[in-house]
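So this block is target.cif, mmCIF, C-alpha atoms:
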```cif
data_target
loop_
_atom_site.label_atom_id
_atom_site.label_comp_id
_atom_site.auth_asym_id
_atom_site.auth_seq_id
_atom_site.Cartn_x
_atom_site.Cartn_y
_atom_site.Cartn_z
CA MET O 1 9.28 9.74 19.01
CA GLU O 2 6.49 8.33 21.13
CA SER O 3 6.50 4.55 21.48
CA LEU O 4 3.37 2.60 20.60
CA HIS O 5 3.42 1.22 24.14
CA ALA O 6 2.97 4.75 25.46
CA HIS O 7 -0.60 4.55 24.15
CA PRO O 8 -3.34 2.85 26.20
CA SER O 9 -4.24 -0.75 25.54
CA ALA O 10 -7.41 -1.31 23.52
CA ASP O 11 -8.32 -4.35 25.63
CA GLY O 12 -11.98 -4.47 26.54
CA VAL O 13 -15.39 -4.53 24.90
CA TRP O 14 -15.89 -1.96 22.15
CA GLN O 15 -19.67 -1.74 22.04
CA GLY O 16 -22.26 0.25 20.15
CA LEU O 17 -20.52 -0.13 16.78
CA ARG O 18 -21.99 -0.07 13.30
CA LEU O 19 -19.89 -2.59 11.34
CA ALA O 20 -19.10 -1.60 7.75
CA GLU O 21 -20.81 -4.11 5.48
CA GLY O 22 -18.52 -6.79 4.13
CA LEU O 23 -15.56 -5.72 6.25
CA ALA O 24 -16.26 -7.74 9.41
CA VAL O 25 -16.87 -11.42 10.17
CA PRO O 26 -19.26 -11.71 13.15
CA ASP O 27 -19.10 -14.78 15.34
CA VAL O 28 -22.86 -14.43 15.83
CA ALA O 29 -25.15 -13.24 13.05
CA LEU O 30 -25.91 -9.55 13.31
CA PRO O 31 -29.60 -8.63 12.90
CA GLU O 32 -30.22 -5.80 10.46
CA GLY O 33 -29.67 -2.45 12.14
CA ALA O 34 -28.25 -3.98 15.34
CA LEU O 35 -25.21 -2.46 16.98
CA ALA O 36 -22.20 -4.67 17.47
CA SER O 37 -19.42 -5.32 19.97
CA VAL O 38 -15.78 -6.13 19.26
CA VAL O 39 -13.89 -7.80 22.11
CA VAL O 40 -10.15 -7.09 22.32
CA ARG O 41 -7.87 -9.05 24.66
CA GLN O 42 -4.07 -8.92 24.69
CA GLY O 43 -4.10 -6.90 21.49
CA GLN O 44 -6.19 -9.47 19.58
CA VAL O 45 -9.81 -9.44 18.47
CA ARG O 46 -11.48 -12.27 20.39
CA TRP O 47 -15.15 -11.94 19.44
CA VAL O 48 -17.39 -9.96 17.10
CA GLY O 49 -21.18 -9.92 17.29
CA PRO O 50 -24.34 -8.14 18.44
CA ASP O 51 -24.15 -6.13 21.65
CA ALA O 52 -27.02 -8.20 23.01
CA ALA O 53 -25.21 -11.51 22.40
CA LEU O 54 -21.97 -10.66 24.21
CA PRO O 55 -20.75 -13.90 25.87
CA ALA O 56 -20.77 -13.89 29.66
CA ALA O 57 -17.06 -14.63 29.68
CA PHE O 58 -16.41 -11.06 28.50
CA ALA O 59 -18.98 -9.28 30.68
CA ALA O 60 -16.47 -8.07 33.27
CA LEU O 61 -14.06 -6.50 30.76
CA PRO O 62 -13.69 -2.70 30.51
CA ARG O 63 -16.16 -1.03 28.15
CA TRP O 64 -15.45 1.37 25.32
CA GLN O 65 -18.65 3.18 24.34
CA ALA O 66 -18.73 3.81 20.58
CA GLY O 67 -22.23 5.28 20.47
CA GLY O 68 -23.08 4.17 16.94
CA LEU O 69 -19.79 5.05 15.25
CA LEU O 70 -18.98 3.25 12.01
CA ALA O 71 -16.22 0.65 12.43
CA THR O 72 -13.91 -0.46 9.62
CA PRO O 73 -10.71 -2.44 9.68
CA GLY O 74 -7.52 -0.42 9.79
CA LEU O 75 -6.76 0.87 6.30
CA VAL O 76 -3.98 -0.72 4.23
CA ASP O 77 -1.83 1.28 1.79
CA CYS O 78 -0.42 -1.49 -0.38
CA HIS O 79 1.82 0.42 -2.84
CA THR O 80 4.08 3.28 -1.76
CA HIS O 81 7.55 4.66 -2.43
CA LEU O 82 7.56 6.54 0.87
CA VAL O 83 11.34 6.76 1.48
CA TYR O 84 13.21 9.12 -0.84
CA GLY O 85 15.21 12.33 -0.97
CA GLY O 86 14.17 15.57 -2.62
CA GLN O 87 10.97 16.31 -4.54
CA ARG O 88 10.04 16.74 -8.20
CA ALA O 89 7.64 19.66 -8.40
CA HIS O 90 9.55 21.01 -11.39
CA GLU O 91 8.58 17.92 -13.39
CA PHE O 92 4.95 18.61 -12.58
CA ALA O 93 5.44 22.00 -14.24
CA LEU O 94 7.20 20.40 -17.24
CA ARG O 95 4.31 18.02 -17.81
CA LEU O 96 1.87 20.92 -17.59
CA ALA O 97 3.92 22.56 -20.35
CA GLY O 98 3.43 19.52 -22.53
CA ALA O 99 6.25 17.10 -21.74
CA SER O 100 5.25 13.45 -21.45
CA TYR O 101 6.28 11.13 -18.61
CA GLU O 102 8.65 9.33 -20.97
CA GLU O 103 10.16 12.59 -22.29
CA VAL O 104 10.87 13.76 -18.73
CA ALA O 105 12.50 10.41 -17.92
CA ARG O 106 14.65 10.35 -21.05
CA ALA O 107 15.85 13.89 -20.32
CA GLY O 108 17.38 12.77 -17.01
CA GLY O 109 14.39 13.51 -14.83
CA GLY O 110 11.92 11.05 -13.43
CA ILE O 111 13.13 8.23 -11.24
CA VAL O 112 16.81 9.00 -11.83
CA SER O 113 16.28 12.49 -10.40
CA SER O 114 15.04 10.95 -7.15
CA VAL O 115 17.95 8.53 -7.21
CA ARG O 116 20.43 11.41 -7.10
CA ALA O 117 18.67 13.02 -4.12
CA THR O 118 18.24 9.72 -2.28
CA ARG O 119 21.87 8.73 -2.70
CA ALA O 120 22.95 12.10 -1.35
CA ALA O 121 20.84 11.75 1.83
CA SER O 122 21.89 9.90 4.97
CA GLU O 123 19.75 7.22 6.55
CA ASP O 124 18.75 9.60 9.33
CA GLU O 125 17.85 12.29 6.80
CA LEU O 126 15.68 9.87 4.85
CA PHE O 127 13.95 8.82 8.06
CA ALA O 128 13.26 12.46 8.98
CA LEU O 129 11.82 13.13 5.52
CA ALA O 130 9.62 10.03 5.48
CA ALA O 131 8.29 10.31 9.04
CA PRO O 132 5.77 13.14 8.44
CA ARG O 133 4.57 11.46 5.25
CA LEU O 134 3.88 8.28 7.17
CA GLN O 135 2.22 10.21 10.00
CA ALA O 136 -0.20 11.83 7.54
CA LEU O 137 -1.31 8.39 6.36
CA LEU O 138 -1.54 6.99 9.89
CA ASP O 139 -3.71 9.92 11.01
CA GLU O 140 -6.26 8.81 8.44
CA GLY O 141 -6.45 5.26 9.78
CA VAL O 142 -3.71 3.37 7.92
CA CYS O 143 -2.59 0.38 9.99
CA ALA O 144 -0.44 -1.45 7.42
CA ILE O 145 1.68 -0.08 4.60
CA GLU O 146 4.06 -1.25 1.93
CA ILE O 147 7.28 0.73 1.41
CA LYS O 148 9.41 0.05 -1.67
CA SER O 149 13.06 0.73 -2.32
CA GLY O 150 14.07 1.65 -5.87
CA TYR O 151 15.56 5.12 -5.47
CA GLY O 152 19.00 3.83 -4.50
CA LEU O 153 19.81 1.53 -7.44
CA ALA O 154 23.05 0.47 -5.73
CA LEU O 155 23.44 -1.97 -2.87
CA GLU O 156 24.38 0.55 -0.18
CA HIS O 157 21.57 2.94 -1.10
CA GLU O 158 18.88 0.29 -1.56
CA ARG O 159 19.92 -1.04 1.85
CA LYS O 160 19.59 2.47 3.27
CA GLN O 161 16.03 2.81 2.01
CA LEU O 162 14.95 -0.58 3.29
CA ARG O 163 16.55 0.01 6.68
CA VAL O 164 14.59 3.25 6.98
CA ALA O 165 11.38 1.41 6.09
CA ARG O 166 12.02 -1.09 8.88
CA ARG O 167 12.81 1.75 11.33
CA LEU O 168 9.56 3.51 10.44
CA GLY O 169 7.56 0.41 11.28
CA GLU O 170 9.26 0.06 14.64
CA ALA O 171 9.11 3.76 15.55
CA PHE O 172 5.44 4.26 14.62
CA GLY O 173 4.10 0.86 15.67
CA VAL O 174 2.66 0.07 12.26
CA THR O 175 2.89 -3.02 10.07
CA VAL O 176 5.39 -2.26 7.28
CA ARG O 177 5.98 -4.64 4.40
CA THR O 178 9.22 -3.89 2.57
CA THR O 179 9.54 -4.45 -1.16
CA PHE O 180 12.86 -4.54 -3.01
CA LEU O 181 12.50 -2.57 -6.26
CA GLY O 182 16.11 -2.53 -7.40
CA ALA O 183 14.82 -3.06 -10.95
CA HIS O 184 13.06 0.31 -10.98
CA ALA O 185 15.24 2.20 -13.45
CA LEU O 186 18.73 2.00 -14.95
CA PRO O 187 21.21 3.96 -12.81
CA PRO O 188 23.35 6.49 -14.73
CA GLU O 189 26.56 4.54 -14.19
CA TYR O 190 25.00 1.58 -16.05
CA ALA O 191 23.83 3.56 -19.10
CA GLY O 192 23.77 1.21 -22.07
CA ARG O 193 24.44 -1.81 -19.84
CA ASP O 194 20.98 -2.80 -18.79
CA GLN O 195 21.74 -6.52 -18.72
CA ASP O 196 24.79 -5.96 -16.52
CA TYR O 197 22.63 -4.04 -14.07
CA THR O 198 19.92 -6.72 -14.12
CA ASP O 199 22.61 -9.29 -13.30
CA LEU O 200 23.76 -7.11 -10.40
CA VAL O 201 20.21 -6.89 -9.04
CA CYS O 202 19.72 -10.66 -9.24
CA HIS O 203 23.09 -11.98 -8.14
CA GLU O 204 24.37 -9.40 -5.66
CA MET O 205 21.83 -6.85 -4.45
CA LEU O 206 18.78 -9.05 -3.82
CA PRO O 207 20.63 -11.95 -2.16
CA ALA O 208 22.54 -9.58 0.15
CA LEU O 209 19.47 -7.62 1.22
CA ALA O 210 17.37 -10.74 1.67
CA ALA O 211 20.09 -12.25 3.86
CA GLU O 212 19.88 -9.14 6.07
CA GLY O 213 16.14 -9.64 6.54
CA LEU O 214 15.25 -6.42 4.74
CA VAL O 215 13.05 -7.82 1.95
CA ASP O 216 9.46 -9.06 2.24
CA ALA O 217 8.71 -9.05 -1.52
CA VAL O 218 10.32 -8.22 -4.87
CA ASP O 219 8.99 -5.81 -7.50
CA VAL O 220 10.05 -4.79 -11.03
CA PHE O 221 9.09 -1.88 -13.27
CA CYS O 222 8.35 -3.76 -16.51
CA GLU O 223 8.00 -1.12 -19.21
CA ARG O 224 9.69 0.06 -22.40
CA ILE O 225 11.47 2.84 -20.45
CA ALA O 226 12.47 0.39 -17.72
CA PHE O 227 12.98 -3.41 -17.80
CA THR O 228 12.08 -5.92 -20.48
CA LEU O 229 9.93 -8.98 -20.06
CA ALA O 230 13.01 -11.23 -20.13
CA GLN O 231 14.79 -9.13 -17.50
CA THR O 232 11.67 -9.11 -15.35
CA GLU O 233 11.54 -12.89 -15.46
CA GLN O 234 15.22 -13.04 -14.49
CA VAL O 235 14.45 -11.01 -11.36
CA PHE O 236 11.43 -13.19 -10.59
CA GLN O 237 13.59 -16.29 -10.85
CA ALA O 238 16.08 -14.76 -8.41
CA ALA O 239 13.21 -14.02 -6.01
CA ARG O 240 11.91 -17.57 -6.35
CA ARG O 241 15.35 -18.99 -5.45
CA LEU O 242 15.20 -16.96 -2.24
CA GLY O 243 11.60 -17.91 -1.46
CA LEU O 244 10.33 -14.35 -1.83
CA PRO O 245 6.95 -13.39 -3.35
CA VAL O 246 6.84 -11.06 -6.34
CA LYS O 247 4.81 -8.05 -7.46
CA LEU O 248 4.94 -6.02 -10.67
CA HIS O 249 4.58 -2.49 -11.96
CA ALA O 250 2.71 -3.70 -15.03
CA GLU O 251 1.04 -2.31 -18.15
CA GLN O 252 1.17 1.33 -17.02
CA LEU O 253 2.31 2.88 -20.30
CA SER O 254 1.88 -0.01 -22.73
CA ASP O 255 0.90 -3.67 -22.85
CA MET O 256 4.15 -5.53 -22.25
CA GLY O 257 2.52 -8.79 -21.19
CA GLY O 258 3.98 -8.35 -17.72
CA SER O 259 0.82 -9.26 -15.85
CA ALA O 260 0.56 -12.67 -17.46
CA LEU O 261 4.23 -13.30 -16.65
CA ALA O 262 3.78 -12.15 -13.06
CA ALA O 263 0.73 -14.38 -12.65
CA ARG O 264 2.77 -17.38 -13.79
CA TYR O 265 5.06 -16.68 -10.83
CA GLY O 266 2.09 -16.42 -8.44
CA ALA O 267 2.48 -12.67 -8.02
CA LEU O 268 0.79 -11.04 -5.04
CA SER O 269 -0.27 -8.13 -7.23
CA CYS O 270 0.03 -6.36 -10.55
CA ASP O 271 -0.09 -2.59 -10.16
CA HIS O 272 -1.14 0.32 -12.44
CA ILE O 273 -2.49 -2.00 -15.24
CA GLU O 274 -4.09 0.72 -17.39
CA HIS O 275 -3.13 -1.25 -20.53
CA LEU O 276 -3.93 -4.69 -19.12
CA SER O 277 -5.12 -7.21 -21.73
CA GLN O 278 -7.82 -9.83 -21.44
CA GLU O 279 -5.09 -12.47 -21.45
CA GLY O 280 -3.47 -10.75 -18.47
CA ILE O 281 -6.80 -10.57 -16.64
CA ALA O 282 -7.42 -14.29 -17.16
CA ALA O 283 -3.91 -15.14 -15.92
CA MET O 284 -4.37 -12.97 -12.83
CA GLN O 285 -7.73 -14.58 -12.10
CA ARG O 286 -6.25 -18.06 -12.28
CA ALA O 287 -3.32 -17.11 -10.03
CA GLY O 288 -5.36 -15.16 -7.48
CA THR O 289 -3.26 -12.06 -8.20
CA VAL O 290 -4.66 -8.74 -6.97
CA ALA O 291 -5.08 -5.81 -9.35
CA VAL O 292 -3.80 -2.68 -7.60
CA LEU O 293 -5.39 0.50 -8.95
CA LEU O 294 -3.38 3.71 -8.57
CA PRO O 295 -5.69 6.63 -9.41
CA GLY O 296 -3.24 9.21 -8.05
CA ALA O 297 -0.73 8.45 -10.79
CA TYR O 298 -3.49 8.30 -13.40
CA TYR O 299 -4.66 11.73 -12.27
CA THR O 300 -1.23 13.35 -11.96
CA LEU O 301 -0.12 12.12 -15.39
CA ARG O 302 -3.48 13.18 -16.88
CA ASP O 303 -3.78 9.69 -18.33
CA THR O 304 -6.73 8.81 -20.56
CA GLN O 305 -6.34 5.01 -20.71
CA LEU O 306 -8.61 3.63 -18.02
CA PRO O 307 -7.81 0.32 -16.33
CA PRO O 308 -10.22 -2.37 -17.59
CA ILE O 309 -12.43 -2.22 -14.50
CA PRO O 310 -15.54 -3.93 -15.98
CA ALA O 311 -13.43 -6.84 -17.25
CA LEU O 312 -11.63 -7.20 -13.91
CA ARG O 313 -14.97 -7.11 -12.13
CA ALA O 314 -16.48 -9.68 -14.47
CA ALA O 315 -13.49 -12.00 -13.97
CA GLY O 316 -13.67 -11.69 -10.20
CA VAL O 317 -10.15 -10.30 -9.89
CA PRO O 318 -9.86 -8.53 -6.52
CA MET O 319 -9.13 -4.81 -6.93
CA ALA O 320 -7.07 -2.92 -4.36
CA VAL O 321 -6.59 0.85 -4.25
CA SER O 322 -3.43 2.60 -3.06
CA THR O 323 -1.80 6.02 -2.92
CA ASP O 324 1.32 5.01 -4.90
CA HIS O 325 2.92 7.80 -2.87
CA ASN O 326 6.03 8.90 -4.76
CA PRO O 327 7.68 12.24 -5.54
CA GLY O 328 7.13 12.19 -9.30
CA THR O 329 3.75 10.85 -10.35
CA SER O 330 1.60 10.53 -7.22
CA PRO O 331 2.58 12.85 -4.36
CA ALA O 332 -0.56 11.73 -2.52
CA LEU O 333 -0.87 11.39 1.24
CA SER O 334 -4.54 10.47 1.61
CA LEU O 335 -5.84 6.96 1.05
CA LEU O 336 -9.42 8.23 1.45
CA LEU O 337 -8.83 10.64 -1.42
CA MET O 338 -7.62 7.71 -3.51
CA ALA O 339 -10.86 5.88 -2.67
CA ASN O 340 -12.78 8.89 -3.97
CA MET O 341 -10.67 8.99 -7.13
CA ALA O 342 -11.15 5.27 -7.67
CA CYS O 343 -14.91 5.87 -7.60
CA THR O 344 -15.00 9.05 -9.69
CA LEU O 345 -12.25 8.26 -12.22
CA PHE O 346 -12.43 4.46 -12.40
CA ARG O 347 -16.15 4.00 -11.57
CA LEU O 348 -15.65 1.67 -8.62
CA THR O 349 -18.64 1.29 -6.34
CA VAL O 350 -18.27 2.47 -2.75
CA PRO O 351 -18.12 -1.12 -1.40
CA GLU O 352 -15.44 -1.94 -4.00
CA ALA O 353 -13.40 1.13 -3.03
CA LEU O 354 -13.62 0.37 0.70
CA ALA O 355 -12.65 -3.26 0.14
CA GLY O 356 -9.87 -1.89 -2.05
CA ILE O 357 -8.26 0.02 0.82
CA THR O 358 -8.79 -2.77 3.36
CA THR O 359 -9.44 -6.41 2.46
CA HIS O 360 -7.99 -6.55 -1.05
CA ALA O 361 -5.09 -4.25 -0.16
CA ALA O 362 -4.14 -6.63 2.65
CA ARG O 363 -4.22 -9.51 0.19
CA ALA O 364 -1.93 -7.57 -2.17
CA LEU O 365 0.67 -7.60 0.63
CA GLY O 366 0.14 -11.21 1.66
CA LEU O 367 -1.47 -9.96 4.89
CA GLN O 368 -4.96 -11.36 4.27
CA ALA O 369 -4.78 -13.55 7.39
CA THR O 370 -4.05 -10.65 9.75
CA HIS O 371 -5.30 -7.36 8.23
CA GLY O 372 -8.17 -5.95 6.22
CA LEU O 373 -11.09 -7.48 8.16
CA ILE O 374 -12.50 -7.18 11.66
CA ALA O 375 -12.57 -10.81 12.78
CA ALA O 376 -11.69 -12.95 15.77
CA GLY O 377 -8.11 -14.13 15.88
CA ARG O 378 -6.64 -11.08 14.17
CA PRO O 379 -4.56 -8.27 15.64
CA ALA O 380 -6.76 -5.38 16.76
CA ASN O 381 -6.53 -2.84 13.93
CA LEU O 382 -9.73 -0.86 13.54
CA VAL O 383 -10.96 2.66 12.91
CA LEU O 384 -14.13 4.32 14.25
CA TRP O 385 -15.58 7.00 12.00
CA PRO O 386 -18.10 9.77 12.82
CA VAL O 387 -20.12 9.30 9.63
CA ALA O 388 -23.77 8.54 8.96
CA GLU O 389 -22.98 6.03 6.21
CA ALA O 390 -19.93 4.26 4.82
CA ALA O 391 -20.22 6.14 1.50
CA GLU O 392 -18.97 9.26 3.28
CA LEU O 393 -15.50 7.74 3.50
CA ALA O 394 -15.24 7.97 -0.30
CA TYR O 395 -17.45 11.05 -0.67
CA TRP O 396 -15.67 13.90 1.08
CA LEU O 397 -12.78 15.65 -0.70
CA GLY O 398 -9.92 16.76 1.53
CA GLN O 399 -11.67 16.15 4.83
CA LYS O 400 -9.55 14.61 7.57
CA PRO O 401 -12.12 12.78 9.70
CA ALA O 402 -11.75 12.96 13.49
CA CYS O 403 -11.49 9.20 13.85
CA THR O 404 -10.53 6.94 16.73
CA ILE O 405 -7.78 4.53 15.72
CA VAL O 406 -6.76 1.21 17.26
CA ARG O 407 -3.46 -0.01 15.83
CA GLN O 408 -1.68 -3.18 16.92
CA GLY O 409 -3.96 -3.42 19.95
CA ARG O 410 -3.31 0.14 21.18
CA VAL O 411 -5.52 3.24 21.08
CA VAL O 412 -3.20 5.53 19.13
CA ARG O 413 -5.82 8.22 18.54
CA ASP O 414 -9.06 8.92 20.36
CA ALA O 415 -10.25 12.02 18.55
CA LEU O 416 -13.88 11.12 19.28
CA GLY O 417 -13.56 10.80 23.04
CA VAL O 418 -14.38 7.12 23.19
CA HIS O 419 -13.39 6.08 26.71
CA GLY O 420 -13.31 2.97 28.83
#
```
In C-alpha cells, write the structure found in this file.
Amino acid sequence: MESLHAHPSADGVWQGLRLAEGLAVPDVALPEGALASVVVRQGQVRWVGPDAALPAAFAALPRWQAGGLLATPGLVDCHTHLVYGGQRAHEFALRLAGASYEEVARAGGGIVSSVRATRAASEDELFALAAPRLQALLDEGVCAIEIKSGYGLALEHERKQLRVARRLGEAFGVTVRTTFLGAHALPPEYAGRDQDYTDLVCHEMLPALAAEGLVDAVDVFCERIAFTLAQTEQVFQAARRLGLPVKLHAEQLSDMGGSALAARYGALSCDHIEHLSQEGIAAMQRAGTVAVLLPGAYYTLRDTQLPPIPALRAAGVPMAVSTDHNPGTSPALSLLLMANMACTLFRLTVPEALAGITTHAARALGLQATHGLIAAGRPANLVLWPVAEAAELAYWLGQKPACTIVRQGRVVRDALGVHG
C-alpha cells in the first residue's frame, strides 16, 4: 500500500480559491466575491486570506493555481463501524418482508451475526475487508474518521478490531479516532448474564485495551435490546476512571433517557437520537454535546420518527452528520450522500449539512482544534471541488466529484490538475 509520504507535499500558496462560507477563518477579511489563498508550510496552514493581501513573507513559495475551485475543510466521518467480517444483505431482505430491527436481532441476527463473522476473521482479513471501504470514503474527501469496535464482544476480538483501526490510519495517512464499543450487544456466551458481561467490559476489557493505547473514546448502545441506563452509567464511570471521553448510541428506538445521562458525563456526542426528549436536548446544550444525525440508518430501517431537528436548532445544539457505516443498518460509503439525506429527510439547510460533515463532526470526535475548519495553525486538510456553488455538494445523488484532496499536508489526489 502506498505510503502517504509517497505523495507530493502540499507546501506552497494555494491561490484562486473560493472559500466555503462558514468553513474557513481568514486572517484578513475577505471582500465579497474575492478569491482567497491558503498558505501551507511543513504540512500546516499558515495563513488564509485574499489573494491580493498575501504577505510578502510567502511571495517566494511555490504556487498551486486553483482557478476558482471551491475549498472546504477535509470531511470528517464521525460515526462508523468500518471494521467487521461478513455482510448482512439477508437481513435487508427480511426487513423488506416485514421483520422489524428488533425482531431480526432477537432471532439471532443483527449485531450478533456480525460478531460471529468478525470473530472468525483474522486481523489481516479484517484489514483487507475494511481497506476498500475506507478508500471509498477517502476518495470523496474524508480526512478524519471514527472507527468503533463492538463486533468482537470479547477481549481478543475487540483488540483485533481496534488494532485494525489503528493500522488503517497508519497505512492510509488519515486521522483515525478509535472508539471502544464493547457494550454494543450481549455476546451469545453471556445470554441471560447481562450484568456479568457489563462487569467484564468495565473491569477487564476496557482497562486492558486502554493500557495498550487502542482507545480514544468509549461508546455504549443504550437501548431496550442492548444495555440499560444503569449499565451505561457503569461503563461511563469506568471510562471516567481511565480519563477517556464518552459517546452514546442514544434514543434510536425509544426514549431511554440516555442523552441526559451522557450529557452529565460531558459526552462528546449522542448519536441517532430519533426519540430524543426536550430534557435530553437541554442537557446536551448545557454540556456542549454534539447531536450526530445518521440518516443512512433512518433510511435503511425505513424509520418514521424524525430526530427533533427544529428543537435542536432552536437550542443551539451542534448537529453533525455521519455515514454510520455498518453491515446491518447503514451500509453507506458516501458522506456526501448522507449530507443529501440529512437535507431531504431531516430538513437540514445546506450550510447545516456542510458544517455537519466538517466542523461539527470534528467536534463530535474531540478534534475541533485540528479538523473541520480551514484556519491558520491547523494541519493542512482541505478539498477543492469543481462546483459552481456549495449547495452542489449536497445536491447531486451518487456523483463522485473529481476533487483535489490535501490530507495531512500531502496532495493525495489531484483529479483536477492543480499543479505547482
Given the file above and the PyMOL selection byres ((chain O and resi 214) around 7), which residues are selected, and can you give them as a PDB file with C-alpha atoms, keeping the file's coordinate frame?
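The new file out_21.pdb reads:
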```pdb
ATOM      1  CA  LEU O 162      14.950  -0.580   3.290  1.00  0.00           C
ATOM      2  CA  ARG O 163      16.550   0.010   6.680  1.00  0.00           C
ATOM      3  CA  THR O 178       9.220  -3.890   2.570  1.00  0.00           C
ATOM      4  CA  LEU O 209      19.470  -7.620   1.220  1.00  0.00           C
ATOM      5  CA  ALA O 210      17.370 -10.740   1.670  1.00  0.00           C
ATOM      6  CA  GLU O 212      19.880  -9.140   6.070  1.00  0.00           C
ATOM      7  CA  GLY O 213      16.140  -9.640   6.540  1.00  0.00           C
ATOM      8  CA  VAL O 215      13.050  -7.820   1.950  1.00  0.00           C
ATOM      9  CA  ASP O 216       9.460  -9.060   2.240  1.00  0.00           C
TER      10      ASP O 216
END
```
Query raised in the report: Using the chain letters and numbers from the file, which residues does the PyMOL selection byres ((chain O and resi 45) around 6) grab, as a list of chain:residue names?
Result: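 Taken over the shown coordinates, the PyMOL selection byres ((chain O and resi 45) around 6) returns O:Val39, O:Val40, O:Gln44, O:Arg46, O:Trp47, O:Ala376, O:Gly377, O:Arg378, O:Ala380.
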Requested in this report: Name the residues in contact with Arg410 (chain O) at a cut-off of 6 Å, using only C-alpha atoms, excluding same-chain residues fewer than 5 positions from it; report them as a list in words.
Outcome: His7, Pro8, Ser9 and Ala10 of chain O
Requested in this report: Give me the residues within 9 Å of Arg363 (chain O) as a list in words, counting all atoms listed in the file and dropping any in the same chain fewer than 3 places off.
Outcome: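 Counting all atoms listed in the file, the residues come to Cys78, Leu268, Ser269, Thr289, Val290, Pro318, Ala320, Thr358, Thr359, His360, Gly366, Leu367, Gln368, Ala369, His371 and Gly372 of chain O.
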Requested in this report: Rank nothing, just name the residue among O:Gly74, O:Asp11, O:Leu253, O:Leu333 nearest to Pro307 (chain O), using only C-alpha atoms.
Outcome: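 Closest to Pro307 (chain O), using only C-alpha atoms: O:Leu253.
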Requested in this report: Name the closest residue to Pro379 (chain O) among the candidates O:Val418, O:Ala283, O:Leu19, O:Val406; distances are taken between atoms, counting all atoms listed in the file.
Outcome: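 That would be O:Val406, the residue with the smallest distance to Pro379 (chain O).
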Requested in this report: Could you please determine the separation between CA of Ser149 (chain O) and CA of Phe346 (chain O) in Å, to one decimal place?
Outcome: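 Interatomic distance here is 27.7 Å.
Here the question is which of O:Arg241, O:Arg193, O:Arg264, O:His272 gets nearest to Leu206 (chain O) using all atoms listed in the file, and that residue is O:Arg241.
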Query raised in the report: Evaluating the PyMOL selection byres ((chain O and resi 53-63) around 8) on the displayed file yields which residues, as a list of chain:residue names?
Result: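 When the PyMOL selection byres ((chain O and resi 53-63) around 8) is applied, the selected residues are O:Asp11, O:Gly12, O:Val13, O:Trp14, O:Gln15, O:Val28, O:Ser37, O:Val39, O:Gly49, O:Pro50, O:Asp51, O:Ala52, O:Trp64, O:Gln65, O:His419, O:Gly420.
Remark: for Cys143 (chain O), the closest of the candidate residues O:Cys343, O:Ala117, O:Ala208, O:Val383 is O:Val383 (distances computed over all atoms listed in the file).
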Report task. Have a look at CA of Glu103 (chain O) and CA of His90 (chain O) and let me know their distance in Å, one decimal. Result ->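 Taking CA of Glu103 (chain O) and CA of His90 (chain O), their separation equals 13.8 Å.
We find CA of Cys270 (chain O) and CA of Val25 (chain O) to be spaced 27.2 Å apart.
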Report summary line: Of O:Leu126, O:Val174, O:Leu373, O:Leu301, the one sitting nearest Ala93 (chain O) when using only C-alpha atoms is O:Leu301
Report task. Select, from O:Leu337, O:Leu94, O:Ala89, O:Val201, the residue with the minimum atom-to-atom distance to Val218 (chain O), counting only C-alpha atoms. Result -> O:Val201
Query raised in the report: Neighbours of Asp219 (chain O) within 12 Å (all atoms listed in the file; same-chain residues fewer than 4 positions away dropped), as a PyMOL selection string?
Result: chain O and resi 79-81+146-150+178-185+201-202+206+215+227+232-239+244-250+258+262+267-271+365
Report task. Pick out the residues sitting within 9 Å of Thr404 (chain O), and hand them over as an MDAnalysis selection string; count all atoms listed in the file, and ignore anything fewer than 5 positions along from it in its own chain. Result -> chainID O and resid 141 382:386 411:418
Give me, as a PDB file with C-alpha atoms, in the frame of the given file, all polymer residues having an atom no more than 8 Å from Tyr84 (chain O), counting only C-alpha atoms and skipping those fewer than 6 positions away in the same chain.
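The resulting file, part-v2.pdb, is shown below:
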```pdb
ATOM      1  CA  SER O 114      15.040  10.950  -7.150  1.00  0.00           C
ATOM      2  CA  VAL O 115      17.950   8.530  -7.210  1.00  0.00           C
ATOM      3  CA  ALA O 117      18.670  13.020  -4.120  1.00  0.00           C
ATOM      4  CA  THR O 118      18.240   9.720  -2.280  1.00  0.00           C
ATOM      5  CA  LEU O 126      15.680   9.870   4.850  1.00  0.00           C
ATOM      6  CA  LEU O 129      11.820  13.130   5.520  1.00  0.00           C
ATOM      7  CA  ALA O 130       9.620  10.030   5.480  1.00  0.00           C
ATOM      8  CA  TYR O 151      15.560   5.120  -5.470  1.00  0.00           C
ATOM      9  CA  GLN O 161      16.030   2.810   2.010  1.00  0.00           C
ATOM     10  CA  PRO O 327       7.680  12.240  -5.540  1.00  0.00           C
TER      11      PRO O 327
END
```
